[in-house]
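S.K.: Pasting protein-v1.txt here (compact mmCIF, C-alpha atoms and all ligand atoms):
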# COMPACT_ATOMS: atom_id res chain seq x y z
CA MET T 1 65.04 16.02 -31.29
CA GLN T 2 64.53 12.57 -29.78
CA VAL T 3 66.14 9.28 -30.83
CA SER T 4 66.13 5.78 -29.28
CA ALA T 5 68.66 3.01 -29.76
CA VAL T 6 69.03 -0.56 -28.58
CA ALA T 7 72.35 -2.30 -27.92
CA HIS T 8 73.27 -5.66 -26.46
CA PRO T 9 75.98 -6.24 -23.88
CA ASN T 10 78.96 -8.28 -24.95
CA VAL T 11 81.12 -10.82 -23.18
CA ALA T 12 84.85 -10.69 -23.85
CA LEU T 13 86.65 -13.95 -24.58
CA ILE T 14 89.98 -12.14 -24.89
CA LYS T 15 89.68 -9.41 -22.28
CA TYR T 16 90.41 -5.72 -22.15
CA TRP T 17 91.97 -5.00 -18.75
CA GLY T 18 94.05 -1.82 -18.47
CA LYS T 19 94.20 1.47 -20.33
CA ARG T 20 96.90 2.89 -22.55
CA LYS T 21 96.34 6.51 -21.65
CA ALA T 22 93.56 8.38 -19.94
CA ALA T 23 92.64 10.62 -22.88
CA GLY T 24 90.03 8.92 -25.05
CA ASN T 25 89.90 5.94 -22.67
CA LEU T 26 92.04 3.85 -25.02
CA PRO T 27 92.58 0.23 -23.90
CA ALA T 28 96.17 -0.98 -23.60
CA ALA T 29 95.46 -3.95 -25.89
CA GLY T 30 92.83 -5.36 -28.22
CA SER T 31 89.97 -7.65 -27.26
CA LEU T 32 87.49 -10.12 -28.76
CA SER T 33 83.88 -10.58 -27.71
CA LEU T 34 80.48 -12.15 -28.32
CA THR T 35 77.47 -9.84 -28.60
CA LEU T 36 74.69 -11.31 -26.41
CA GLY T 37 71.37 -11.16 -28.25
CA HIS T 38 69.20 -12.09 -25.26
CA LEU T 39 70.12 -9.09 -23.08
CA SER T 40 69.38 -5.50 -24.10
CA THR T 41 69.80 -1.87 -23.15
CA ARG T 42 67.38 0.67 -24.58
CA THR T 43 68.43 4.31 -24.46
CA GLU T 44 66.51 7.41 -25.48
CA VAL T 45 68.28 10.72 -26.05
CA ARG T 46 66.38 14.00 -26.18
CA ILE T 47 68.22 17.18 -27.06
CA ASP T 48 66.55 19.95 -25.19
CA GLY T 49 67.87 23.52 -25.26
CA GLY T 50 65.38 24.32 -22.48
CA LEU T 51 67.19 22.10 -19.95
CA GLU T 52 69.68 23.65 -17.57
CA GLN T 53 72.00 20.64 -17.64
CA ASP T 54 72.29 17.04 -18.79
CA THR T 55 70.08 14.55 -16.99
CA LEU T 56 70.29 10.76 -16.84
CA SER T 57 67.67 8.30 -15.73
CA LEU T 58 68.92 4.73 -15.35
CA ASN T 59 66.30 2.02 -14.93
CA GLY T 60 63.80 4.66 -13.87
CA SER T 61 65.92 6.48 -11.24
CA ALA T 62 67.98 9.64 -11.63
CA SER T 63 71.69 8.76 -11.75
CA GLU T 64 74.23 11.46 -10.89
CA ARG T 65 77.05 8.94 -10.66
CA ASP T 66 77.07 8.09 -14.34
CA LEU T 67 76.82 11.67 -15.65
CA PRO T 68 80.61 12.16 -16.09
CA ARG T 69 80.80 9.00 -18.22
CA LEU T 70 77.78 10.16 -20.22
CA ARG T 71 79.47 13.51 -20.90
CA ASP T 72 82.72 11.77 -21.91
CA CYS T 73 80.75 9.81 -24.47
CA LEU T 74 78.88 12.86 -25.79
CA ALA T 75 81.94 15.15 -25.99
CA PRO T 76 83.29 14.09 -29.41
CA LEU T 77 79.77 14.11 -30.88
CA ARG T 78 78.97 17.55 -29.49
CA GLU T 79 82.23 18.90 -30.78
CA ARG T 80 81.65 17.58 -34.31
CA ALA T 81 78.04 18.79 -34.34
CA GLY T 82 78.93 22.17 -32.84
CA ASN T 83 75.98 21.69 -30.52
CA ALA T 84 76.46 21.68 -26.75
CA SER T 85 72.74 21.74 -25.83
CA PRO T 86 71.89 19.72 -22.73
CA VAL T 87 70.40 16.26 -23.21
CA ALA T 88 67.90 14.21 -21.27
CA VAL T 89 68.85 10.52 -21.42
CA GLU T 90 66.68 7.63 -20.30
CA SER T 91 68.29 4.21 -20.28
CA ALA T 92 66.98 0.85 -19.11
CA ASN T 93 68.46 -2.63 -19.01
CA ASP T 94 66.48 -5.86 -19.04
CA PHE T 95 69.24 -7.53 -16.95
CA PRO T 96 71.11 -6.75 -13.65
CA THR T 97 72.99 -3.44 -13.91
CA GLY T 98 76.62 -2.94 -12.83
CA ALA T 99 77.04 -6.54 -11.73
CA GLY T 100 79.56 -7.73 -14.31
CA LEU T 101 77.12 -8.14 -17.18
CA ALA T 102 78.72 -5.39 -19.27
CA SER T 103 75.91 -2.88 -18.82
CA SER T 104 78.38 -0.06 -19.42
CA ALA T 105 79.22 -1.51 -22.85
CA SER T 106 75.65 -1.76 -24.08
CA GLY T 107 74.72 1.51 -22.35
CA MET T 108 77.51 3.53 -23.93
CA ALA T 109 77.02 1.91 -27.37
CA ALA T 110 73.30 2.73 -27.34
CA LEU T 111 73.99 6.24 -26.05
CA ALA T 112 76.68 6.96 -28.66
CA LEU T 113 74.46 5.76 -31.51
CA ALA T 114 71.29 7.54 -30.35
CA ALA T 115 73.12 10.79 -29.56
CA ALA T 116 75.04 10.75 -32.85
CA ASN T 117 71.72 10.46 -34.68
CA ALA T 118 70.06 13.14 -32.58
CA LEU T 119 73.01 15.46 -33.27
CA GLY T 120 73.09 14.63 -36.99
CA VAL T 121 76.64 13.20 -37.03
CA ALA T 122 75.88 9.48 -37.26
CA GLU T 123 77.14 9.00 -40.81
CA ASP T 124 80.71 8.94 -39.46
CA GLY T 125 80.95 5.43 -37.98
CA GLU T 126 84.47 6.04 -36.73
CA LEU T 127 83.22 9.02 -34.69
CA VAL T 128 80.40 6.93 -33.17
CA GLY T 129 82.98 4.30 -32.20
CA ARG T 130 85.20 6.93 -30.62
CA ALA T 131 82.26 8.30 -28.61
CA ALA T 132 81.35 4.79 -27.41
CA MET T 133 84.97 4.16 -26.38
CA ALA T 134 85.21 7.47 -24.55
CA GLY T 135 82.29 6.20 -22.44
CA SER T 136 83.61 2.67 -21.97
CA GLY T 137 86.52 0.77 -23.52
CA SER T 138 84.36 -2.30 -24.15
CA ALA T 139 81.48 -0.31 -25.69
CA PRO T 140 82.65 -0.08 -29.33
CA ARG T 141 82.29 -3.89 -29.45
CA SER T 142 78.55 -3.59 -28.67
CA LEU T 143 78.09 -1.47 -31.81
CA PHE T 144 78.65 -4.69 -33.78
CA GLY T 145 76.94 -8.07 -33.87
CA GLY T 146 78.12 -11.68 -33.66
CA ILE T 147 81.79 -12.21 -32.85
CA VAL T 148 83.62 -8.90 -32.63
CA LEU T 149 87.30 -7.94 -32.75
CA LEU T 150 88.68 -4.67 -31.42
CA SER T 151 92.30 -4.39 -32.54
CA ILE T 152 94.80 -1.71 -31.56
CA ASP T 153 98.20 -1.16 -33.14
CA GLU T 154 101.33 0.12 -31.45
CA SER T 155 100.65 3.73 -32.33
CA GLY T 156 97.20 3.52 -30.71
CA GLU T 157 95.22 3.34 -33.98
CA TRP T 158 92.27 1.05 -33.39
CA ARG T 159 89.45 -0.52 -35.34
CA CYS T 160 86.46 -2.56 -34.38
CA GLY T 161 84.14 -4.80 -36.38
CA SER T 162 82.43 -8.18 -36.69
CA LEU T 163 84.57 -11.21 -37.49
CA LEU T 164 81.48 -13.38 -37.98
CA ALA T 165 77.79 -12.49 -38.11
CA PRO T 166 75.53 -14.25 -35.56
CA ASP T 167 74.36 -16.91 -38.02
CA GLU T 168 77.86 -17.69 -39.31
CA TRP T 169 78.73 -19.56 -36.11
CA PRO T 170 75.63 -19.75 -33.90
CA LEU T 171 77.28 -20.12 -30.51
CA LYS T 172 74.99 -20.12 -27.47
CA VAL T 173 75.59 -18.50 -24.09
CA ALA T 174 74.12 -19.40 -20.70
CA VAL T 175 74.66 -16.65 -18.13
CA ALA T 176 74.56 -17.91 -14.55
CA VAL T 177 73.56 -14.96 -12.38
CA THR T 178 75.05 -15.55 -8.93
CA GLU T 179 74.56 -12.02 -7.57
CA THR T 180 72.25 -9.21 -8.63
CA ALA T 181 73.68 -6.36 -6.52
CA ALA T 182 76.12 -3.95 -8.16
CA LYS T 183 79.75 -4.96 -7.66
CA ALA T 184 81.93 -3.53 -4.90
CA VAL T 185 84.79 -2.39 -7.15
CA ASP T 186 83.91 -1.24 -10.64
CA SER T 187 86.07 -2.37 -13.52
CA ARG T 188 87.53 1.09 -14.17
CA ALA T 189 88.87 1.44 -10.62
CA ALA T 190 89.98 -2.19 -10.48
CA MET T 191 91.91 -2.07 -13.74
CA GLU T 192 93.75 1.08 -12.66
CA LEU T 193 94.59 -0.52 -9.30
CA THR T 194 95.83 -3.60 -11.15
CA ARG T 195 97.99 -1.54 -13.50
CA ARG T 196 99.57 0.28 -10.57
CA THR T 197 100.06 -2.55 -8.10
CA SER T 198 99.86 -6.04 -9.61
CA PRO T 199 103.26 -7.64 -10.30
CA PHE T 200 101.52 -9.73 -12.99
CA TYR T 201 100.23 -6.79 -15.03
CA SER T 202 103.16 -6.52 -17.44
CA ALA T 203 103.03 -10.28 -18.15
CA TRP T 204 99.29 -9.97 -18.75
CA LEU T 205 99.82 -7.25 -21.33
CA GLU T 206 102.71 -9.05 -23.02
CA GLY T 207 100.51 -12.03 -23.79
CA GLN T 208 97.54 -10.16 -25.20
CA ASP T 209 98.52 -9.81 -28.85
CA ALA T 210 99.36 -13.51 -29.15
CA ASP T 211 96.11 -14.58 -27.42
CA LEU T 212 94.12 -12.26 -29.66
CA GLU T 213 95.71 -13.51 -32.86
CA GLU T 214 95.18 -17.15 -31.87
CA ALA T 215 91.55 -16.47 -30.94
CA ARG T 216 90.98 -14.69 -34.25
CA ARG T 217 92.26 -17.75 -36.10
CA ALA T 218 90.15 -20.12 -33.97
CA VAL T 219 87.04 -18.06 -34.79
CA GLU T 220 87.86 -17.99 -38.51
CA GLN T 221 88.28 -21.78 -38.51
CA ARG T 222 85.23 -22.33 -36.22
CA ASP T 223 87.60 -24.30 -33.97
CA PHE T 224 85.54 -24.58 -30.77
CA ASP T 225 88.08 -26.55 -28.71
CA ARG T 226 90.85 -24.08 -29.43
CA LEU T 227 88.66 -21.08 -28.67
CA ALA T 228 87.50 -22.78 -25.46
CA GLU T 229 91.02 -23.44 -24.16
CA LEU T 230 92.21 -19.97 -25.05
CA SER T 231 89.18 -18.15 -23.61
CA GLU T 232 89.39 -19.90 -20.25
CA HIS T 233 93.13 -19.24 -20.15
CA ASN T 234 92.68 -15.54 -20.93
CA CYS T 235 89.86 -15.15 -18.41
CA LEU T 236 91.68 -16.85 -15.54
CA LYS T 237 94.87 -14.96 -16.42
CA MET T 238 92.98 -11.68 -16.13
CA HIS T 239 91.52 -12.67 -12.78
CA ALA T 240 94.95 -13.86 -11.57
CA THR T 241 96.33 -10.44 -12.49
CA VAL T 242 93.53 -8.75 -10.51
CA LEU T 243 94.13 -11.11 -7.57
CA GLY T 244 97.73 -9.87 -7.61
CA ALA T 245 96.65 -6.25 -7.04
CA ARG T 246 97.07 -4.65 -3.60
CA PRO T 247 94.52 -4.80 -2.14
CA ALA T 248 93.39 -7.79 -4.19
CA VAL T 249 90.05 -7.64 -5.96
CA VAL T 250 88.16 -10.94 -5.71
CA TYR T 251 85.23 -10.96 -8.10
CA PHE T 252 84.28 -14.62 -7.58
CA ASN T 253 81.84 -15.89 -4.99
CA SER T 254 81.36 -19.51 -4.05
CA ALA T 255 78.69 -20.03 -6.73
CA THR T 256 81.09 -18.67 -9.35
CA VAL T 257 83.64 -21.31 -8.38
CA GLU T 258 81.00 -24.06 -8.32
CA CYS T 259 79.91 -23.09 -11.86
CA ILE T 260 83.51 -23.16 -13.09
CA HIS T 261 83.88 -26.73 -11.81
CA ARG T 262 80.57 -27.80 -13.32
CA VAL T 263 81.53 -26.42 -16.74
CA ARG T 264 84.94 -28.10 -16.54
CA GLY T 265 83.27 -31.37 -15.56
CA MET T 266 80.94 -31.21 -18.55
CA ALA T 267 83.82 -30.34 -20.88
CA ARG T 268 85.81 -33.33 -19.57
CA ALA T 269 82.82 -35.52 -20.35
CA GLY T 270 82.86 -34.27 -23.95
CA VAL T 271 80.24 -31.48 -23.83
CA PRO T 272 81.34 -28.54 -26.05
CA VAL T 273 81.28 -25.78 -23.43
CA PHE T 274 83.65 -23.30 -21.79
CA PHE T 275 83.32 -20.54 -19.20
CA THR T 276 84.32 -16.91 -18.89
CA MET T 277 83.80 -14.25 -16.20
CA ASP T 278 84.22 -10.49 -16.40
CA ALA T 279 84.48 -7.96 -13.55
CA GLY T 280 81.81 -9.65 -11.48
CA PRO T 281 80.70 -13.03 -10.12
CA GLN T 282 78.46 -14.08 -13.03
CA VAL T 283 79.58 -17.05 -15.10
CA LYS T 284 79.01 -17.03 -18.84
CA ALA T 285 79.08 -20.53 -20.31
CA VAL T 286 79.59 -20.56 -24.08
CA CYS T 287 78.54 -23.70 -25.92
CA LEU T 288 77.47 -25.21 -29.23
CA PRO T 289 73.68 -25.16 -29.80
CA ASP T 290 72.96 -28.84 -29.00
CA ALA T 291 74.60 -28.51 -25.57
CA LEU T 292 72.62 -25.49 -24.37
CA ASP T 293 69.86 -27.30 -22.45
CA GLU T 294 72.29 -29.53 -20.58
CA VAL T 295 74.62 -26.63 -19.76
CA ALA T 296 71.76 -24.40 -18.55
CA GLU T 297 70.37 -27.17 -16.36
CA ALA T 298 73.76 -27.90 -14.79
CA LEU T 299 74.22 -24.23 -13.91
CA ARG T 300 70.63 -23.75 -12.72
CA SER T 301 71.02 -26.52 -10.15
CA ALA T 302 74.31 -25.13 -8.75
CA PRO T 303 73.92 -23.80 -5.18
CA GLY T 304 73.86 -19.99 -5.18
CA VAL T 305 72.79 -19.55 -8.80
CA ARG T 306 69.75 -17.27 -8.87
CA GLN T 307 68.84 -17.56 -12.51
CA VAL T 308 70.29 -18.67 -15.82
CA LEU T 309 69.72 -16.46 -18.86
CA THR T 310 70.15 -18.32 -22.14
CA GLY T 311 70.38 -17.08 -25.69
CA GLY T 312 72.48 -16.71 -28.77
CA LEU T 313 74.56 -14.09 -30.50
CA GLY T 314 72.88 -10.78 -31.30
CA ALA T 315 73.05 -7.94 -33.80
CA GLY T 316 74.91 -4.67 -33.39
CA ALA T 317 73.42 -1.51 -31.92
CA ARG T 318 70.57 0.00 -33.92
CA ILE T 319 68.10 2.87 -33.94
CA THR T 320 64.56 1.86 -32.94
C1 LIG W 1 86.40 -7.34 -17.53
O1 LIG W 1 84.81 -1.37 -20.53
O2 LIG W 1 83.74 -1.52 -18.26
O3 LIG W 1 84.57 -6.63 -18.87
O4 LIG W 1 86.62 1.44 -20.14
O5 LIG W 1 86.71 1.82 -17.71
O6 LIG W 1 84.49 1.63 -18.85
P1 LIG W 1 85.94 1.20 -18.83
O7 LIG W 1 85.96 -0.36 -18.53
P2 LIG W 1 84.98 -1.50 -19.07
O8 LIG W 1 85.87 -2.79 -18.73
C2 LIG W 1 85.56 -4.06 -19.22
C3 LIG W 1 86.37 -5.07 -18.49
C4 LIG W 1 85.97 -6.51 -18.75
C5 LIG W 1 86.69 -7.10 -19.95
C6 LIG W 1 86.13 -6.75 -21.30
O9 LIG W 1 84.93 -6.49 -21.45
O10 LIG W 1 86.93 -6.79 -22.26
Do you think you could lay out the structure here as structure tokens?

M.R.:
Amino acid sequence: MQVSAVAHPNVALIKYWGKRKAAGNLPAAGSLSLTLGHLSTRTEVRIDGGLEQDTLSLNGSASERDLPRLRDCLAPLRERAGNASPVAVESANDFPTGAGLASSASGMAALALAAANALGVAEDGELVGRAAMAGSGSAPRSLFGGIVLLSIDESGEWRCGSLLAPDEWPLKVAVAVTETAAKAVDSRAAMELTRRTSPFYSAWLEGQDADLEEARRAVEQRDFDRLAELSEHNCLKMHATVLGARPAVVYFNSATVECIHRVRGMARAGVPVFFTMDAGPQVKAVCLPDALDEVAEALRSAPGVRQVLTGGLGAGARIT
């Protein structure tokens, strides 16, 4: 049985940083993201009783490192299907992998969807979401298109879905790639270090529900300025929390900082644009459609920027 799925990475405007408990990989708080239509992960899952063990090929090379995460994702699906046969997984990204472009989100969303179909358990959307989350806490968001909310209540019950479809508020995103090598500290290790050692972590968590609620309202009202202010605040607050860890994790390089200043300069001059960065040095500039060319050009000419990938919001994960 062989099934392929495509998923897009997503960029969080209200970030997930820190886990509630290890089991199920549940984030400590909710998050809100944009699904990026111009970047894709394609994943093929083949269930093969003849294999001795699971195998994973990532961008054409065998990857042992990501096998535990793959098995975490598959576990709830295998359990429901009552089928523990080994799988051969081939996954490829059309963008830099492991460099803060959310490849784990699109990878785990595509894997969960393809594997659920291959195992015959895909009709339960909640189960597919749980499998994606077991692989990566940001992955359930890549199952959905447009602007996506993942909310979690106090008891740990969570739900994820689109707030707006891509065409309901056609925001654009220019991704300034400032580094193509994989990052030094992956987000999972860095968020655990932050939780354990940063004096700012509790303040970070305390603010999350309020930031999320305000962002949800800004999205509903298509209030760009409000979403811009809040997204930059939430992003820099996350990075400040990570900078407070011991040892500190510094995801920015000099081109990241240059891009931040360029985006702020444009915004001061009245261009509808704001920035956000995840666990890596890439800068994602979010803007209204008419501003995209100007924003992309300003980032492209910044010293240290290798390329700028532009596009709009994309659909959720799907079988191909
Ligand atoms: C900064 O989802 O990659 O991108 O659950 O350990 O796989 P794991 O972490 P991951 O962390 C994402 C962190 C972030 C913020 C976000 O996407 O919300």

S.K.: Could you tell me, counting only C-alpha atoms and all ligand atoms, which protein and nucleic acid residues lie no more than 9 Å from ligand LIG 1 (chain W), written as a ChimeraX atom specification?

M.R.: /T:10-19,25-27,30-33,69,100-105,108,133-139,141,186-192,235,238-239,277-280

S.K.: Would you compute the distance between atom CA of Pro86 of chain T and atom CA of Leu74 of chain T? Give it in Å to one decimal.

M.R.: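 One can read the atom CA of Pro86 of chain T to atom CA of Leu74 of chain T distance as 10.3 Å.
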
S.K.: As a short mmCIF file (atom, residue, chain, number, x, y, z; two decimals) with C-alpha atoms, in the frame of the given file, please: the residues near Glu79 of chain T (cut-off 12 Å, all atoms listed in the file, same-chain neighbours under 5 positions excluded).

M.R.:
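Output (around14.cif):
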data_model
loop_
_atom_site.label_atom_id
_atom_site.label_comp_id
_atom_site.auth_asym_id
_atom_site.auth_seq_id
_atom_site.Cartn_x
_atom_site.Cartn_y
_atom_site.Cartn_z
CA ARG T 71 79.47 13.51 -20.90
CA ASP T 72 82.72 11.77 -21.91
CA CYS T 73 80.75 9.81 -24.47
CA LEU T 74 78.88 12.86 -25.79
CA ALA T 84 76.46 21.68 -26.75
CA SER T 85 72.74 21.74 -25.83
CA ALA T 116 75.04 10.75 -32.85
CA LEU T 119 73.01 15.46 -33.27
CA GLY T 120 73.09 14.63 -36.99
CA VAL T 121 76.64 13.20 -37.03
CA LEU T 127 83.22 9.02 -34.69
CA ALA T 131 82.26 8.30 -28.61
#

S.K.: Quote the spacing between atom CA of Ala132 of chain T and atom CA of Leu309 of chain T in Å to one decimal place.

M.R.: 25.7 Å

S.K.: Please, which residues are within 12 Å of (71.0, -10.0, -27.1) by the file's coordinates, counting only C-alpha atoms, and could they come as a JSON list (two decimals) with C-alpha atoms, in the frame of the given file?

M.R.:
[["chain", "number", "residue", "atom", "x", "y", "z"],
["T", 6, "VAL", "CA", 69.03, -0.56, -28.58],
["T", 7, "ALA", "CA", 72.35, -2.30, -27.92],
["T", 8, "HIS", "CA", 73.27, -5.66, -26.46],
["T", 9, "PRO", "CA", 75.98, -6.24, -23.88],
["T", 10, "ASN", "CA", 78.96, -8.28, -24.95],
["T", 11, "VAL", "CA", 81.12, -10.82, -23.18],
["T", 34, "LEU", "CA", 80.48, -12.15, -28.32],
["T", 35, "THR", "CA", 77.47, -9.84, -28.60],
["T", 36, "LEU", "CA", 74.69, -11.31, -26.41],
["T", 37, "GLY", "CA", 71.37, -11.16, -28.25],
["T", 38, "HIS", "CA", 69.20, -12.09, -25.26],
["T", 39, "LEU", "CA", 70.12, -9.09, -23.08],
["T", 40, "SER", "CA", 69.38, -5.50, -24.10],
["T", 41, "THR", "CA", 69.80, -1.87, -23.15],
["T", 42, "ARG", "CA", 67.38, 0.67, -24.58],
["T", 93, "ASN", "CA", 68.46, -2.63, -19.01],
["T", 94, "ASP", "CA", 66.48, -5.86, -19.04],
["T", 95, "PHE", "CA", 69.24, -7.53, -16.95],
["T", 101, "LEU", "CA", 77.12, -8.14, -17.18],
["T", 102, "ALA", "CA", 78.72, -5.39, -19.27],
["T", 103, "SER", "CA", 75.91, -2.88, -18.82],
["T", 106, "SER", "CA", 75.65, -1.76, -24.08],
["T", 142, "SER", "CA", 78.55, -3.59, -28.67],
["T", 144, "PHE", "CA", 78.65, -4.69, -33.78],
["T", 145, "GLY", "CA", 76.94, -8.07, -33.87],
["T", 146, "GLY", "CA", 78.12, -11.68, -33.66],
["T", 166, "PRO", "CA", 75.53, -14.25, -35.56],
["T", 172, "LYS", "CA", 74.99, -20.12, -27.47],
["T", 173, "VAL", "CA", 75.59, -18.50, -24.09],
["T", 174, "ALA", "CA", 74.12, -19.40, -20.70],
["T", 175, "VAL", "CA", 74.66, -16.65, -18.13],
["T", 309, "LEU", "CA", 69.72, -16.46, -18.86],
["T", 310, "THR", "CA", 70.15, -18.32, -22.14],
["T", 311, "GLY", "CA", 70.38, -17.08, -25.69],
["T", 312, "GLY", "CA", 72.48, -16.71, -28.77],
["T", 313, "LEU", "CA", 74.56, -14.09, -30.50],
["T", 314, "GLY", "CA", 72.88, -10.78, -31.30],
["T", 315, "ALA", "CA", 73.05, -7.94, -33.80],
["T", 316, "GLY", "CA", 74.91, -4.67, -33.39],
["T", 317, "ALA", "CA", 73.42, -1.51, -31.92]]

S.K.: Between T:Thr256, T:Arg46, T:Val219, T:Arg264, single out the one closest to Val295 of chain T, counting all atoms listed in the file.

M.R.: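 Under the stated criterion, the closest residue is T:Arg264.
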
S.K.: Using all atoms listed in the file, which residues sit within 7 Å of Val273 of chain T once same-chain residues fewer than 3 positions away are excluded, as number ranges by chain?

M.R.: T: 263, 267, 285-288

S.K.: What gap, in Å, lies between atom CA of Arg80 of chain T and atom CA of Arg130 of chain T?

M.R.: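 A separation of 11.8 Å between them.
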
S.K.: Write out as number ranges by chain each polymer residue whose atoms come within 9 Å of Glu44 of chain T, counting all atoms listed in the file; drop sequence neighbours fewer than 3 positions from it.

M.R.: T: 2-6, 88-91, 110-111, 114-115

S.K.: When you count all atoms listed in the file, which of these residues is closest to Val45 of chain T: T:Ala228, T:Ala28, T:Leu163, T:Val87?

M.R.: T:Val87

S.K.: Once all heavy atoms are restored for segment 218-224 of chain T, what would the output be as a short mmCIF file (atom, residue, chain, number, x, y, z; two decimals), keeping the file's coordinate frame?

M.R.:
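File out_24.cif, as written:
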data_model
loop_
_atom_site.label_atom_id
_atom_site.label_comp_id
_atom_site.auth_asym_id
_atom_site.auth_seq_id
_atom_site.Cartn_x
_atom_site.Cartn_y
_atom_site.Cartn_z
N ALA T 218 91.10 -19.08 -34.42
CA ALA T 218 90.15 -20.12 -33.97
C ALA T 218 88.73 -19.77 -34.42
O ALA T 218 87.97 -20.64 -34.86
CB ALA T 218 90.20 -20.26 -32.45
N VAL T 219 88.38 -18.49 -34.36
CA VAL T 219 87.04 -18.06 -34.79
C VAL T 219 86.91 -18.26 -36.30
O VAL T 219 85.92 -18.82 -36.78
CB VAL T 219 86.78 -16.58 -34.41
CG1 VAL T 219 85.57 -16.03 -35.13
CG2 VAL T 219 86.63 -16.45 -32.90
N GLU T 220 87.92 -17.84 -37.05
CA GLU T 220 87.86 -17.99 -38.51
C GLU T 220 87.68 -19.44 -38.91
O GLU T 220 86.97 -19.76 -39.85
CB GLU T 220 89.14 -17.44 -39.14
CG GLU T 220 88.99 -15.99 -39.54
CD GLU T 220 90.31 -15.36 -39.92
OE1 GLU T 220 91.28 -16.11 -40.21
OE2 GLU T 220 90.37 -14.13 -39.90
N GLN T 221 88.35 -20.34 -38.17
CA GLN T 221 88.28 -21.78 -38.51
C GLN T 221 87.14 -22.49 -37.78
O GLN T 221 87.02 -23.70 -37.86
CB GLN T 221 89.62 -22.44 -38.16
CG GLN T 221 90.75 -21.91 -39.02
CD GLN T 221 92.13 -22.26 -38.44
OE1 GLN T 221 92.25 -22.97 -37.45
NE2 GLN T 221 93.17 -21.74 -39.09
N ARG T 222 86.32 -21.75 -37.03
CA ARG T 222 85.23 -22.33 -36.22
C ARG T 222 85.78 -23.48 -35.37
O ARG T 222 85.18 -24.55 -35.26
CB ARG T 222 84.09 -22.89 -37.09
CG ARG T 222 83.70 -22.08 -38.31
CD ARG T 222 82.92 -20.84 -37.96
NE ARG T 222 82.11 -20.43 -39.09
CZ ARG T 222 82.54 -19.64 -40.10
NH1 ARG T 222 83.78 -19.17 -40.10
NH2 ARG T 222 81.72 -19.30 -41.08
N ASP T 223 86.95 -23.26 -34.77
CA ASP T 223 87.60 -24.30 -33.97
C ASP T 223 87.19 -24.11 -32.50
O ASP T 223 87.82 -23.35 -31.75
CB ASP T 223 89.12 -24.17 -34.15
CG ASP T 223 89.89 -25.29 -33.45
OD1 ASP T 223 89.34 -25.91 -32.51
OD2 ASP T 223 91.04 -25.54 -33.84
N PHE T 224 86.12 -24.79 -32.10
CA PHE T 224 85.54 -24.58 -30.77
C PHE T 224 86.54 -24.94 -29.66
O PHE T 224 86.69 -24.19 -28.69
CB PHE T 224 84.24 -25.38 -30.61
CG PHE T 224 83.52 -25.06 -29.33
CD1 PHE T 224 82.64 -23.99 -29.27
CD2 PHE T 224 83.75 -25.80 -28.18
CE1 PHE T 224 82.00 -23.66 -28.08
CE2 PHE T 224 83.10 -25.48 -26.99
CZ PHE T 224 82.23 -24.41 -26.94
#
